[in-house]
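The structure file data.txt is reproduced below (compact mmCIF, C-alpha atoms).
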```txt
# COMPACT_ATOMS: atom_id res chain seq x y z
CA MET A 1 0.00 0.00 0.00
CA GLU A 2 1.21 3.46 -0.86
CA ASN A 3 -0.73 5.61 1.65
CA ALA A 4 -1.11 5.67 5.40
CA LEU A 5 -2.39 8.03 8.08
CA TRP A 6 0.23 9.28 10.55
CA ASN A 7 -0.79 11.73 13.25
CA GLY A 8 -3.91 12.49 11.21
CA GLU A 9 -1.99 13.27 8.00
CA LEU A 10 -1.68 11.28 4.81
CA VAL A 11 1.87 10.08 4.12
CA LEU A 12 3.27 8.29 1.05
CA ALA A 13 5.61 5.34 1.41
CA TYR A 14 7.98 6.32 -1.42
CA GLU A 15 8.36 9.85 -0.03
CA ILE A 16 9.26 8.48 3.38
CA ALA A 17 11.98 6.30 1.87
CA GLU A 18 13.72 9.37 0.46
CA ASN A 19 14.19 11.01 3.89
CA TYR A 20 16.17 9.12 6.53
CA THR A 21 14.93 11.24 9.46
CA LEU A 22 11.32 10.90 8.41
CA GLU A 23 11.68 7.16 7.86
CA LYS A 24 13.10 6.75 11.35
CA GLU A 25 10.06 8.49 12.87
CA ILE A 26 7.68 6.43 10.74
CA ARG A 27 9.39 3.22 11.80
CA LYS A 28 8.96 4.20 15.45
CA SER A 29 5.28 4.91 14.90
CA SER A 30 4.97 1.63 13.05
CA GLY A 31 6.43 -0.14 16.08
CA THR A 32 3.94 1.58 18.41
CA LYS A 33 1.03 0.85 16.03
CA ASN A 34 0.36 4.50 15.32
CA LEU A 35 0.10 4.09 11.51
CA CYS A 36 -3.47 3.67 10.26
CA CYS A 37 -5.20 2.68 7.04
CA PRO A 38 -6.72 5.68 5.22
CA ASP A 39 -9.85 3.66 4.38
CA ASP A 40 -12.62 4.78 6.77
CA GLU A 41 -14.39 1.44 6.39
CA CYS A 42 -11.33 -0.69 7.22
CA GLN A 43 -12.07 -3.19 10.01
CA SER A 44 -8.39 -3.58 11.00
CA PRO A 45 -6.81 -0.19 10.31
CA VAL A 46 -3.39 -0.69 11.97
CA LEU A 47 -0.55 -0.65 9.42
CA ARG A 48 3.15 -1.37 9.47
CA TYR A 49 5.85 0.30 7.40
CA CYS A 50 8.06 -1.96 5.25
CA HIS A 51 11.23 -1.08 3.35
CA GLY A 52 14.18 -3.27 2.50
CA GLU A 53 16.77 -4.03 -0.15
CA ILE A 54 14.51 -6.03 -2.47
CA LYS A 55 11.13 -4.27 -2.34
CA ASN A 56 10.40 -0.55 -2.39
CA ALA A 57 8.79 1.08 0.62
CA PHE A 58 5.14 0.16 1.30
CA PHE A 59 2.54 -0.14 4.06
CA ALA A 60 0.78 -3.36 5.03
CA HIS A 61 -1.98 -4.33 7.44
CA LEU A 62 -1.05 -6.10 10.63
CA ASN A 63 -4.33 -7.98 10.49
CA ASN A 64 -6.20 -7.68 7.23
CA THR A 65 -9.68 -9.03 7.76
CA SER A 66 -11.66 -6.66 5.51
CA CYS A 67 -10.28 -3.59 3.75
CA ASP A 68 -11.05 -2.16 0.28
CA TYR A 69 -7.65 -0.53 0.17
CA ALA A 70 -5.86 -3.79 0.85
CA ILE A 71 -7.89 -5.55 -1.86
CA PHE A 72 -7.05 -2.76 -4.29
CA ASP A 73 -3.35 -2.92 -3.43
CA LYS A 74 -3.28 -6.71 -3.72
CA ASP A 75 -4.36 -6.45 -7.37
CA ASN A 76 -1.48 -4.08 -8.13
CA THR A 77 1.98 -5.32 -8.99
CA GLU A 78 5.19 -3.54 -8.09
CA VAL A 79 5.41 -2.34 -11.71
CA MET A 80 1.90 -0.90 -11.52
CA ARG A 81 2.70 0.95 -8.30
CA THR A 82 5.92 2.34 -9.78
CA VAL A 83 4.17 3.53 -12.94
CA ARG A 84 1.37 5.15 -10.95
CA ARG A 85 3.86 6.90 -8.68
CA THR A 86 5.93 8.13 -11.64
CA ILE A 87 2.89 9.54 -13.44
CA CYS A 88 1.70 11.24 -10.25
CA GLU A 89 5.08 12.89 -9.66
CA ASN A 90 5.26 14.00 -13.28
CA PHE A 91 1.96 15.88 -13.00
CA LYS A 92 2.79 17.28 -9.58
CA ASN A 93 5.98 18.75 -11.06
CA LYS A 94 3.77 20.47 -13.65
CA GLU A 95 1.74 21.90 -10.74
CA TYR A 96 -1.37 19.82 -11.34
CA ASP A 97 -3.61 19.17 -8.35
CA VAL A 98 -3.41 15.38 -8.25
CA GLN A 99 -3.76 12.68 -5.60
CA ALA A 100 -2.88 9.00 -5.85
CA GLU A 101 -4.98 6.08 -4.59
CA VAL A 102 -8.08 8.00 -3.58
CA LYS A 103 -11.38 6.38 -2.60
CA VAL A 104 -14.14 8.29 -4.35
CA LEU A 105 -16.31 5.29 -5.31
CA PRO A 106 -17.74 2.62 -3.00
CA HIS A 107 -15.22 -0.19 -2.50
CA HIS A 108 -12.89 1.16 -5.17
CA TYR A 109 -9.69 3.17 -5.14
CA THR A 110 -8.90 5.51 -8.01
CA HIS A 111 -5.32 5.36 -9.24
CA LEU A 112 -5.05 9.14 -9.78
CA LEU A 113 -7.59 11.88 -9.11
CA PHE A 114 -7.17 15.35 -10.67
CA GLU A 115 -8.82 18.55 -9.52
CA MET A 116 -9.20 20.54 -12.73
CA GLU A 117 -9.01 24.33 -13.03
CA ASP A 118 -12.74 24.63 -13.71
CA GLY A 119 -13.51 22.81 -10.47
CA SER A 120 -14.36 19.47 -12.08
CA LYS A 121 -12.69 16.21 -11.18
CA THR A 122 -11.09 13.69 -13.50
CA ALA A 123 -10.17 10.16 -12.52
CA VAL A 124 -7.29 8.42 -14.29
CA GLU A 125 -7.36 4.64 -14.25
CA ILE A 126 -4.34 2.55 -15.24
CA GLY A 127 -5.43 -0.69 -16.87
CA THR A 128 -3.98 -3.82 -18.43
CA GLN A 129 -5.33 -6.58 -20.63
CA ARG A 130 -6.72 -8.28 -17.52
CA ILE A 131 -9.53 -5.77 -17.02
CA THR A 132 -12.94 -6.99 -18.18
CA ALA A 133 -15.69 -5.28 -20.17
CA ASN A 134 -18.02 -5.46 -17.14
CA LYS A 135 -15.42 -3.77 -14.93
CA ILE A 136 -14.93 -0.97 -17.46
CA ASP A 137 -18.67 -0.33 -17.79
CA ASN A 138 -19.25 -0.48 -14.01
CA LEU A 139 -16.48 2.01 -13.27
CA THR A 140 -17.67 4.36 -16.03
CA ASP A 141 -21.23 4.29 -14.66
CA GLU A 142 -20.12 4.82 -11.06
CA TYR A 143 -17.90 7.77 -11.96
CA ALA A 144 -20.76 9.29 -14.00
CA LYS A 145 -23.01 9.13 -10.92
CA GLU A 146 -20.43 11.15 -9.03
CA GLY A 147 -20.03 13.66 -11.88
CA ILE A 148 -16.42 12.58 -12.47
CA MET A 149 -14.85 12.08 -15.88
CA VAL A 150 -12.70 8.98 -16.21
CA LYS A 151 -9.61 8.63 -18.43
CA TRP A 152 -7.59 5.51 -19.04
CA ILE A 153 -3.90 4.84 -19.48
CA VAL A 154 -2.98 1.34 -20.64
CA LEU A 155 0.13 -0.21 -19.14
CA GLY A 156 1.80 -2.34 -21.79
CA ASP A 157 4.30 -2.70 -24.61
CA THR A 158 4.46 0.41 -26.80
CA ASN A 159 6.28 -1.52 -29.55
CA THR A 160 3.21 -3.64 -30.30
CA GLN A 161 1.37 -2.52 -33.43
CA VAL A 162 -2.21 -1.60 -32.58
CA ARG A 163 -5.05 -2.51 -34.95
CA GLU A 164 -8.56 -1.75 -33.78
CA ASN A 165 -9.86 -5.26 -34.48
CA GLN A 166 -6.71 -7.14 -33.45
CA THR A 167 -6.03 -6.06 -29.88
CA PHE A 168 -7.25 -6.76 -26.35
CA PHE A 169 -10.55 -5.30 -25.20
CA LEU A 170 -9.44 -2.29 -23.13
CA LYS A 171 -7.52 -0.87 -26.10
CA ARG A 172 -10.40 -1.55 -28.45
CA TYR A 173 -12.84 0.00 -26.00
CA LEU A 174 -10.83 3.22 -25.83
CA LEU A 175 -10.51 3.43 -29.63
CA ASN A 176 -14.30 3.15 -29.93
CA GLU A 177 -15.90 4.62 -26.81
CA SER A 178 -13.55 7.13 -25.19
CA ALA A 179 -14.36 10.83 -25.62
CA ASN A 180 -11.78 11.37 -28.36
CA LYS A 181 -11.71 7.71 -29.47
CA ASP A 182 -7.99 7.62 -28.78
CA LEU A 183 -5.69 5.36 -26.81
CA LEU A 184 -2.76 6.09 -24.48
CA VAL A 185 -0.21 3.36 -23.73
CA ILE A 186 2.74 3.73 -21.35
CA ASN A 187 5.54 1.18 -21.24
CA TYR A 188 6.69 -0.59 -18.09
CA ASP A 189 9.56 1.74 -17.22
CA CYS A 190 7.60 4.92 -18.05
CA SER A 191 10.15 5.97 -20.69
CA ILE A 192 7.73 6.02 -23.63
CA VAL A 193 4.12 7.08 -24.04
CA ALA A 194 2.32 6.13 -27.27
CA GLN A 195 -0.95 7.64 -28.42
CA TYR A 196 -3.17 6.05 -31.07
CA LYS A 197 -6.26 7.24 -32.90
CA SER A 198 -8.04 5.40 -35.71
CA ASP A 199 -9.21 7.08 -38.88
CA PRO A 200 -12.92 6.13 -39.27
CA THR A 201 -13.02 7.02 -42.98
CA LYS A 202 -13.01 4.13 -45.45
CA TYR A 203 -11.08 5.16 -48.54
CA SER A 204 -12.48 3.26 -51.53
CA TYR A 205 -12.69 3.68 -55.30
CA ASN A 206 -15.02 1.60 -57.47
CA GLY A 207 -15.49 -0.90 -54.66
CA ARG A 208 -11.74 -1.24 -54.05
CA TYR A 209 -10.20 -0.14 -50.74
CA ILE A 210 -7.19 2.14 -51.17
CA THR A 211 -4.40 1.56 -48.63
CA SER A 212 -1.05 3.26 -48.15
CA GLU A 213 2.04 2.50 -46.09
CA ASN A 214 2.54 6.23 -45.57
CA TYR A 215 -1.00 6.69 -44.24
CA PRO A 216 -2.12 3.61 -42.24
CA GLU A 217 -5.52 3.19 -40.62
CA THR A 218 -4.25 4.34 -37.20
CA TYR A 219 -2.31 7.53 -36.48
CA ILE A 220 0.48 6.94 -33.93
CA GLU A 221 2.82 9.23 -32.00
CA TYR A 222 5.53 8.35 -29.47
CA SER A 223 6.87 10.70 -26.83
CA THR A 224 8.06 10.88 -23.24
CA LEU A 225 6.02 11.21 -20.09
CA ASP A 226 6.85 14.93 -19.94
CA SER A 227 4.65 15.45 -23.03
CA LEU A 228 1.57 14.03 -21.30
CA VAL A 229 -0.79 16.88 -20.36
CA PHE A 230 -4.45 17.81 -20.10
CA GLU A 231 -5.74 19.80 -23.09
CA ASN A 232 -9.38 20.89 -22.84
CA ASN A 233 -9.68 18.48 -19.90
CA GLU A 234 -8.60 15.60 -22.18
CA LEU A 235 -5.51 13.56 -21.31
CA SER A 236 -3.20 13.58 -24.31
CA LEU A 237 0.29 14.15 -25.66
CA GLN A 238 0.68 17.89 -26.04
CA GLY A 239 -0.63 19.04 -29.44
CA TYR A 240 -1.51 15.50 -30.51
CA HIS A 241 -5.04 16.17 -31.77
CA THR A 242 -3.95 19.18 -33.82
CA ARG A 243 -1.32 17.07 -35.55
CA TYR A 244 -3.88 14.31 -36.05
CA GLN A 245 -6.17 16.69 -37.96
CA GLU A 246 -3.24 17.83 -40.12
CA TRP A 247 -2.42 14.18 -40.82
CA LEU A 248 -6.03 13.55 -41.88
CA LYS A 249 -5.87 16.43 -44.38
CA LYS A 250 -2.64 15.10 -45.88
CA LYS A 251 -4.11 11.59 -46.05
CA GLN A 252 -7.24 12.88 -47.83
CA SER A 253 -5.09 14.86 -50.26
CA ALA A 254 -2.98 11.77 -51.01
CA PHE A 255 -6.16 9.75 -51.52
CA ASN A 256 -7.56 12.32 -53.97
CA LYS A 257 -4.27 12.26 -55.85
CA LYS A 258 -4.40 8.46 -56.03
CA ILE A 259 -7.98 8.55 -57.32
CA LYS A 260 -7.00 11.02 -60.04
CA GLN A 261 -4.14 8.74 -61.05
CA LEU A 262 -6.44 5.70 -61.18
CA GLU A 263 -9.00 7.61 -63.25
CA GLU A 264 -6.31 8.66 -65.73
CA GLU A 265 -5.04 5.08 -65.98
CA SER A 266 -8.62 3.84 -66.47
CA HIS A 267 -9.24 6.45 -69.17
CA LYS A 268 -6.04 5.47 -71.01
CA ALA A 269 -6.97 1.79 -70.79
CA MET A 270 -10.43 2.47 -72.25
CA GLU A 271 -8.95 4.57 -75.02
CA GLU A 272 -6.54 1.77 -75.90
CA ILE A 273 -9.40 -0.76 -75.97
CA ARG A 274 -11.41 1.51 -78.28
CA ARG A 275 -8.38 2.06 -80.51
CA GLN A 276 -7.75 -1.66 -80.81
CA ALA A 277 -11.42 -2.30 -81.59
CA GLN A 278 -11.42 0.38 -84.27
CA GLU A 279 -8.24 -1.04 -85.80
CA LYS A 280 -9.73 -4.52 -85.91
CA ASN A 281 -12.87 -3.16 -87.57
CA ARG A 282 -10.81 -1.25 -90.12
CA ILE A 283 -8.75 -4.32 -91.05
CA TYR A 284 -11.93 -6.41 -91.30
CA ARG A 285 -13.63 -3.88 -93.58
CA GLU A 286 -10.55 -3.64 -95.82
CA ARG A 287 -10.38 -7.42 -96.18
CA GLN A 288 -14.07 -7.64 -96.97
CA ALA A 289 -13.71 -4.91 -99.58
CA GLN A 290 -10.74 -6.64 -101.18
CA LEU A 291 -12.58 -9.95 -101.37
CA ALA A 292 -15.67 -8.33 -102.84
CA LYS A 293 -13.55 -6.47 -105.40
CA ALA A 294 -11.74 -9.65 -106.44
CA GLN A 295 -15.00 -11.57 -106.85
CA ASN A 296 -16.67 -8.78 -108.82
CA PHE A 297 -13.60 -8.36 -111.04
CA SER A 298 -13.49 -12.04 -111.91
CA ILE A 299 -17.18 -12.19 -112.73
CA LYS A 300 -17.14 -9.07 -114.88
CA ARG A 301 -13.98 -9.91 -116.82
CA ALA A 302 -14.69 -13.57 -117.49
CA PRO A 303 -16.79 -12.98 -120.65
CA ASP A 304 -14.01 -10.86 -122.19
CA VAL A 305 -11.38 -13.60 -122.14
CA THR A 306 -12.30 -15.16 -125.44
CA ALA A 307 -12.33 -11.78 -127.06
CA LYS A 308 -8.58 -11.65 -126.69
CA VAL A 309 -8.14 -14.85 -128.70
CA GLU A 310 -7.30 -13.92 -132.27
CA ASN A 311 -9.04 -15.93 -134.97
CA PRO A 312 -10.86 -18.27 -132.57
CA PRO A 313 -10.88 -21.82 -133.90
CA LYS A 314 -13.94 -23.83 -134.55
CA PRO A 315 -15.80 -25.52 -131.67
CA ASN A 316 -14.57 -28.98 -132.81
CA MET A 317 -10.94 -28.04 -132.04
CA SER A 318 -8.67 -30.76 -130.69
CA TYR A 319 -7.40 -30.80 -127.05
CA GLU A 320 -3.88 -29.79 -128.12
CA GLU A 321 -5.21 -26.92 -130.21
CA ARG A 322 -7.26 -25.64 -127.32
CA LYS A 323 -4.26 -25.87 -124.94
CA LYS A 324 -2.06 -24.01 -127.38
CA GLU A 325 -4.72 -21.32 -127.64
CA ILE A 326 -4.63 -20.40 -123.94
CA LEU A 327 -0.84 -20.38 -123.47
CA LEU A 328 -0.81 -16.62 -124.03
CA LEU A 329 -3.51 -16.11 -121.39
CA ILE A 330 -2.42 -18.51 -118.63
CA SER A 331 0.49 -16.38 -117.33
CA GLN A 332 -1.59 -13.31 -116.51
CA GLN A 333 -3.70 -13.24 -113.34
CA ALA A 334 -6.21 -10.54 -114.21
CA ASN A 335 -8.63 -12.59 -116.31
CA GLN A 336 -9.69 -16.19 -116.45
CA ALA A 337 -7.95 -18.20 -119.19
CA ARG A 338 -10.75 -19.73 -121.31
CA ASP A 339 -10.48 -21.32 -124.75
CA SER A 340 -12.79 -20.78 -127.69
CA THR A 341 -15.08 -23.52 -126.50
CA GLY A 342 -15.52 -21.74 -123.14
CA HIS A 343 -13.53 -24.18 -121.03
CA ARG A 344 -11.34 -22.71 -118.31
CA TRP A 345 -7.66 -23.66 -118.02
CA VAL A 346 -5.43 -23.52 -114.89
CA LYS A 347 -1.72 -23.86 -114.26
CA CYS A 348 -0.51 -25.98 -111.29
CA GLU A 349 1.64 -23.96 -108.90
CA LEU A 350 3.55 -27.08 -107.85
CA CYS A 351 4.28 -29.14 -110.98
CA GLY A 352 3.63 -26.45 -113.60
CA CYS A 353 1.19 -28.52 -115.67
CA ILE A 354 -1.55 -26.71 -117.62
CA GLU A 355 -4.89 -28.50 -117.67
CA THR A 356 -8.59 -27.79 -117.71
CA GLU A 357 -10.13 -26.81 -114.39
CA ASP A 358 -11.66 -30.28 -113.80
CA LYS A 359 -8.11 -31.61 -113.18
CA PHE A 360 -7.60 -29.27 -110.19
CA CYS A 361 -8.69 -29.66 -106.61
CA SER A 362 -8.32 -25.91 -105.92
CA TYR A 363 -7.66 -22.81 -107.96
CA GLY A 364 -8.37 -19.11 -108.33
CA GLY A 365 -8.40 -16.26 -105.83
CA MET A 366 -6.78 -12.85 -105.46
CA ASN A 367 -3.65 -12.46 -107.63
CA ARG A 368 -3.85 -16.15 -108.61
CA VAL A 369 -6.86 -16.28 -110.92
CA ASN A 370 -5.27 -18.84 -113.26
CA LEU A 371 -3.23 -20.73 -110.67
CA GLY A 372 -4.07 -23.74 -108.50
CA VAL A 373 -3.05 -27.22 -107.31
CA CYS A 374 -3.81 -30.26 -109.45
CA TYR A 375 -5.25 -33.48 -108.04
CA SER A 376 -1.99 -35.32 -108.67
CA CYS A 377 0.10 -32.88 -106.61
CA SER A 378 -2.58 -32.67 -103.97
CA ARG A 379 -2.49 -36.44 -103.46
CA LYS A 380 1.30 -36.39 -103.28
CA ARG A 381 1.19 -33.78 -100.56
```
Represent the structure contained in this file as structure tokens.
Amino acid sequence: MENALWNGELVLAYEIAENYTLEKEIRKSSGTKNLCCPDDECQSPVLRYCHGEIKNAFFAHLNNTSCDYAIFDKDNTEVMRTVRRTICENFKNKEYDVQAEVKVLPHHYTHLLFEMEDGSKTAVEIGTQRITANKIDNLTDEYAKEGIMVKWIVLGDTNTQVRENQTFFLKRYLLNESANKDLLVINYDCSIVAQYKSDPTKYSYNGRYITSENYPETYIEYSTLDSLVFENNELSLQGYHTRYQEWLKKKQSAFNKKIKQLEEESHKAMEEIRRQAQEKNRIYRERQAQLAKAQNFSIKRAPDVTAKVENPPKPNMSYEERKKEILLLISQQANQARDSTGHRWVKCELCGCIETEDKFCSYGGMNRVNLGVCYSCSRKR
């Protein structure tokens, strides 16, 4: 226990340990059972003073049958007592009106109680991951009945990354239900204080969440205990909330810039898709036009082939005579090579033979009107 009554005055164990003369007097009073528990409802109020080489100075009941203060102190470790004492001294040095281990609620001792400049009172509770949701709600309700604001400082590891949905309940409670929806964590040797505050805005574009390593979901600052103050009756690192608002503006600006970049990339992608579609349509139309032109040309020019044959022979011409007749026409690819009898002749692209079209498995087409592949070559292939 940190506090005791001595000659009607409240004394603190750690202050006694710093003064040899005072400690000697306290030890005498402890021997004569003149140290008392500050809890008015304590059934066995006599205390003894303890201080040695292993443990820091503290008070303990001689006979602890029923005492709220003793129960409160039993739940506190040496680390918790040291942290509470360090925070208290830090605020006293800044001339805050603060008391440690004060009983303002039934059967409960407040870690630190501040008398604010406007006359209001603020309780500061130091919690760990062991505190339950019921305990938090009960304390909040009880303080509200007394007209006292309650603030929380979490005792824990400041190196642990805090995510709202991946942390123990006290931290999550503070990020969601505290007045400023922020979280204060102090490490075990009181060298570092970390403050966290989540950004409630969900940054999304076309159903896709936009994240950034430079602007995470939670804003974090680290400082020393000297930076911990009350601003507008809110416990915080000095200037933290102003810097948080500036961070939000920069984050929103970065988000807007990212959206503009995504829109430009999307516009370029759509333009490229349209360009490719137009190019495909153009190539398709050109091919269709070329095919139609070739077909129309062949149909229109076919009747004129025989007109180029000088002195056309009689219809009862022999096969050799007919073949000789079309030799002048077979090399050109503008018109079909037809003899005087109207039969079409084709030259094989593979073996070079010149025969009537019934000897060919394929022939004709653009720039190869009189060329093809004969059945013989086709079978060989």
If we count only C-alpha atoms and set the cut-off at 10 Å, which residues sit around range 162-171 of chain A, ignoring sequence neighbours fewer than 5 positions away in its own chain? Please answer as a tab-separated table (two decimals) with C-alpha atoms, keeping the file's coordinate frame.
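In the end it all went to out02.tsv:
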```tsv
chain	number	residue	atom	x	y	z
A	127	GLY	CA	-5.43	-0.69	-16.87
A	128	THR	CA	-3.98	-3.82	-18.43
A	129	GLN	CA	-5.33	-6.58	-20.63
A	130	ARG	CA	-6.72	-8.28	-17.52
A	131	ILE	CA	-9.53	-5.77	-17.02
A	132	THR	CA	-12.94	-6.99	-18.18
A	133	ALA	CA	-15.69	-5.28	-20.17
A	136	ILE	CA	-14.93	-0.97	-17.46
A	152	TRP	CA	-7.59	5.51	-19.04
A	153	ILE	CA	-3.90	4.84	-19.48
A	154	VAL	CA	-2.98	1.34	-20.64
A	176	ASN	CA	-14.30	3.15	-29.93
A	182	ASP	CA	-7.99	7.62	-28.78
A	183	LEU	CA	-5.69	5.36	-26.81
A	184	LEU	CA	-2.76	6.09	-24.48
A	185	VAL	CA	-0.21	3.36	-23.73
A	196	TYR	CA	-3.17	6.05	-31.07
A	197	LYS	CA	-6.26	7.24	-32.90
A	198	SER	CA	-8.04	5.40	-35.71
A	216	PRO	CA	-2.12	3.61	-42.24
A	217	GLU	CA	-5.52	3.19	-40.62
A	218	THR	CA	-4.25	4.34	-37.20
A	219	TYR	CA	-2.31	7.53	-36.48
A	220	ILE	CA	0.48	6.94	-33.93
```
Write out as JSON lines the residues of range 126-241 of chain A that have any atom within 10 Å of an atom of range 84-103 of chain A, one row each with the nearest atom pair and its distance in Å to one decimal, counting only C-alpha atoms, sorted by chain and then rising number.
```
{"residue": "A:Ile126", "atom": "CA", "partner": "A:Arg84", "partner_atom": "CA", "distance": 7.6}
{"residue": "A:Leu155", "atom": "CA", "partner": "A:Arg84", "partner_atom": "CA", "distance": 9.9}
{"residue": "A:Ile186", "atom": "CA", "partner": "A:Ile87", "partner_atom": "CA", "distance": 9.8}
{"residue": "A:Asp189", "atom": "CA", "partner": "A:Thr86", "partner_atom": "CA", "distance": 9.2}
{"residue": "A:Cys190", "atom": "CA", "partner": "A:Thr86", "partner_atom": "CA", "distance": 7.4}
{"residue": "A:Leu225", "atom": "CA", "partner": "A:Asn90", "partner_atom": "CA", "distance": 7.4}
{"residue": "A:Asp226", "atom": "CA", "partner": "A:Asn90", "partner_atom": "CA", "distance": 6.9}
{"residue": "A:Ser227", "atom": "CA", "partner": "A:Asn90", "partner_atom": "CA", "distance": 9.9}
{"residue": "A:Leu228", "atom": "CA", "partner": "A:Phe91", "partner_atom": "CA", "distance": 8.5}
{"residue": "A:Val229", "atom": "CA", "partner": "A:Phe91", "partner_atom": "CA", "distance": 7.9}
{"residue": "A:Phe230", "atom": "CA", "partner": "A:Tyr96", "partner_atom": "CA", "distance": 9.5}
```
Using all atoms listed in the file, which protein or nucleic acid residues come within 12 Å of Gln238 in chain A? Drop anything in the same chain fewer than 2 positions from it, and give the result as JSON, numbers by chain.
{"A": [193, 194, 195, 221, 222, 223, 224, 225, 226, 227, 228, 229, 230, 231, 232, 234, 235, 236, 240, 241, 242, 243, 244]}
Grab the CA of Lys324 in chain A to CA of Cys361 in chain A distance for me, in Å with one decimal place.
22.5 Å
Students should find that CA of Gln332 in chain A and CA of Arg381 in chain A are spaced 26.1 Å
Just give me the gap between CA of Trp247 in chain A and CA of Asp199 in chain A in Å, one decimal is fine.
10.0 Å
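With all atoms listed in the file as the atoms that count, the minimum distance from Leu113 in chain A to the choices A:Leu328, A:Glu53, A:Val83, A:Val150 is reached by A:Val150.
Residues within 9 Å of range 140-147 of chain A, counting only C-alpha atoms and excluding same-chain residues fewer than 5 positions away, are Val104, Leu105, Pro106, Ser120, Lys121, Ala123 and Lys135 of chain A.
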Store the residues of this selection in a file with C-alpha atoms, as a compact mmCIF listing (two decimals), keeping the file's coordinate frame.
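The new file result03.txt reads:
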```
# COMPACT_ATOMS: atom_id res chain seq x y z
CA VAL A 104 -14.14 8.29 -4.35
CA LEU A 105 -16.31 5.29 -5.31
CA PRO A 106 -17.74 2.62 -3.00
CA SER A 120 -14.36 19.47 -12.08
CA LYS A 121 -12.69 16.21 -11.18
CA ALA A 123 -10.17 10.16 -12.52
CA LYS A 135 -15.42 -3.77 -14.93
```
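Nearest to His111 in chain A of all the residues A:Glu2, A:Leu62, A:Glu177, A:Asn159 is A:Glu2, counting only C-alpha atoms.
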Hey, what's within 12 Å of range 69-71 of chain A if we count only C-alpha atoms and toss same-chain stuff fewer than 6 positions away? As a PyMOL selection string, please?
chain A and resi 1-4+36-47+58-63+101-111
Test item: residues at most 9 Å from Arg344 in chain A, only C-alpha atoms, excluding those fewer than 5 positions along its chain, as a PyMOL selection string
chain A and resi 336-339+355-358+370
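Between Val79 in chain A and the residues A:Leu12, A:Asp118, A:Gly156, A:Asn206, the shortest atom-to-atom distance, using all atoms listed in the file, involves A:Gly156.
Nearest residue to Lys250 in chain A among A:Asn214, A:Asn76, A:Gln290, A:Thr122 is A:Asn214, counting all atoms listed in the file.
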